[in-house]
Every structure is written in structure tokens, then in C-alpha cells.
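K.L.:
Submitted below is the structure of interest, expressed as C-alpha cells.
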Amino acid sequence: MLALDLPSTAVRERIQSSSRILLIEDEELIRNMIALNLEDEGYEVIKTSNGREALNILERQNLQSSGDNINMVILDLMLPEVNGLDICRLLRYRGNTIPILILSAKAAETDRVLGLEVGADDYLTKPFSMRELVARCRALLRRNSFNNVTPESVRQFKEITLLTNECRVLVRQEEVNLSPKEFRLLELFMTYPKRVWDREQLIENVWGADFLGDTKTVDVHIRWLREKVEKDPSNPEYLITVRGFGYRFG
């Protein structure tokens, strides 16, 4: 099911041993091989083959100190008791923003789109390259660390309030519903107000450096975000276009 083309030691980027990954995969061979290679990269891996047990593990981490938190989830879709899509939906419904990488044999475009729409951050199909899996994990953890560069749980700018830990946004005291990508765009903008971002930078920090789509997807999401937070989307006061460069906030 997977190609074992392991990365060479010379090109590995070792991460801190405190990074913990929850691996939810019901095929024992794949589960053990993934865990072996992630541990070789410096990760601590918690393994389970059962969807309900995975939810119990994630629930228990909320009762532990922050140093024991799980930093990322690798999630198969076809799991006993609770399937991967339901796990993803439930985590996002509860406001859990932990990075999620779906690992599935379902390779159809509709399956990939569905996985991303329910809140996954990335989607990798089987068979897969171990080198690519490790690289995607590293990128997700790096991006999550970047997004959490400030400990502030509440960000305020004029009439917009962003509640980071609750994944909620209030505009003029009324809650607005944002997709995961819209929320992360707004969070990035509000973390660095006045900074100008070009499309490639926004894609790298919100979609990921391995995103293969058109950069115009940024423009589409900016337009959708303006419709939800601006009084007059055609004359924005928050999400400003800087012609020839990109976008800035405020």
C-alpha cells in the first residue's frame, strides 16, 4: 500500500522531540511503518486503530498539561466504530484547530474535496511516499507553530473580534460563520496587521507549500471573506488590495 522510499539522513530536518502525533490507522503494517519513520524524525507517535479510542485520547489531552498536548493527527477514513470524516467533523465542531492530515485509499476528487471541506488541513492518498508523508507532517506542524506565534486567544481590530481558541469571529457584535480557510486567513491578517502578503505567501501559510491549485483561489477566498466582514465589500476597510503586491489588513 505504500512506497518505502525513505529520506536520507543528510536532508532530514529534525524537529523537537516534544512534538506529538496521533496516528489513527487500522492497517497494522502501515500504522507501524508510519510510526517507525516519524519516530526516526524525532516525533513522539501515539498509535490507535479505532476511531472511538482516538476520540477518547483527544478528549483526555484536554485534561492534561499543555506540555502533553497532541500537536497533529494523521487520520485514516475507514475506521472501526467512528469513521475518519466523523472524527474530523466532531473536532472542528468542538473548536479544535489541531492540524489534521487525512490518509486514505479514496483518491477521487470528490473524496479529497469532502475531506478538506469537513476541516482537514491536508489529504494524502494511498499508496504514498514516506518521504512525502514526513514532509507534509513537518509542513503542517511548522505552519501551525507559525499561526500560534502569539499566545493571545482574543484579537480585536475595530469592529472585528477573533476568538482563536473558540474558532469564532464576531463582526459588529454579531457572530459570522467562516470556513476553516477563511478563519485562518483572517487570523493571519489580524496577527500581522498592516503587513502586505502576496498570494504565494498566503497560500504557503494557509493552504500549505504543497498546494497545487491556482493562486487565484486566494482572490476567491478574500472576496468571500469581505462579504462576511465588510460593511461594503466593494469598498473594503479591513481587507485591502495593494495593487501589484497582494493584500493587507487594516
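By convention here, the chains of the C-alpha cells are called A, B, ... in the order presented, each chain's residues are numbered starting at 1, and ligands are numbered starting at 1 in the order presented.
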Residues near A:Leu91, anyone? I mean within 12 Å using only C-alpha atoms, not counting same-chain ones fewer than 2 positions away, as number ranges by chain.
P.N.:
A: 54-56, 58-59, 73, 84-89, 93-100, 118-120, 166-167
K.L.:
Mind pulling up the distance from atom CA of A:Phe211 to atom CA of A:Leu185?
P.N.:
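Computed distance, atom CA of A:Leu185 to atom CA of A:Phe211, equals 15.2 Å.
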K.L.:
Identify, on the basis of only C-alpha atoms, every residue whose closest approach to A:Gly244 does not exceed 12 Å; exclude the query and any residue fewer than 5 positions from it along the same chain; express the result as a list in words.
P.N.:
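Those residues are Val196, Trp197, Asp198 and Arg199 of chain A.
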K.L.:
Using only C-alpha atoms, which of the listed residues (A:Arg52, A:Arg223, A:Lys126, A:Arg60) sits closest to A:Ile30?
P.N.:
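Checking each candidate against A:Ile30, we get A:Lys126 as the closest.
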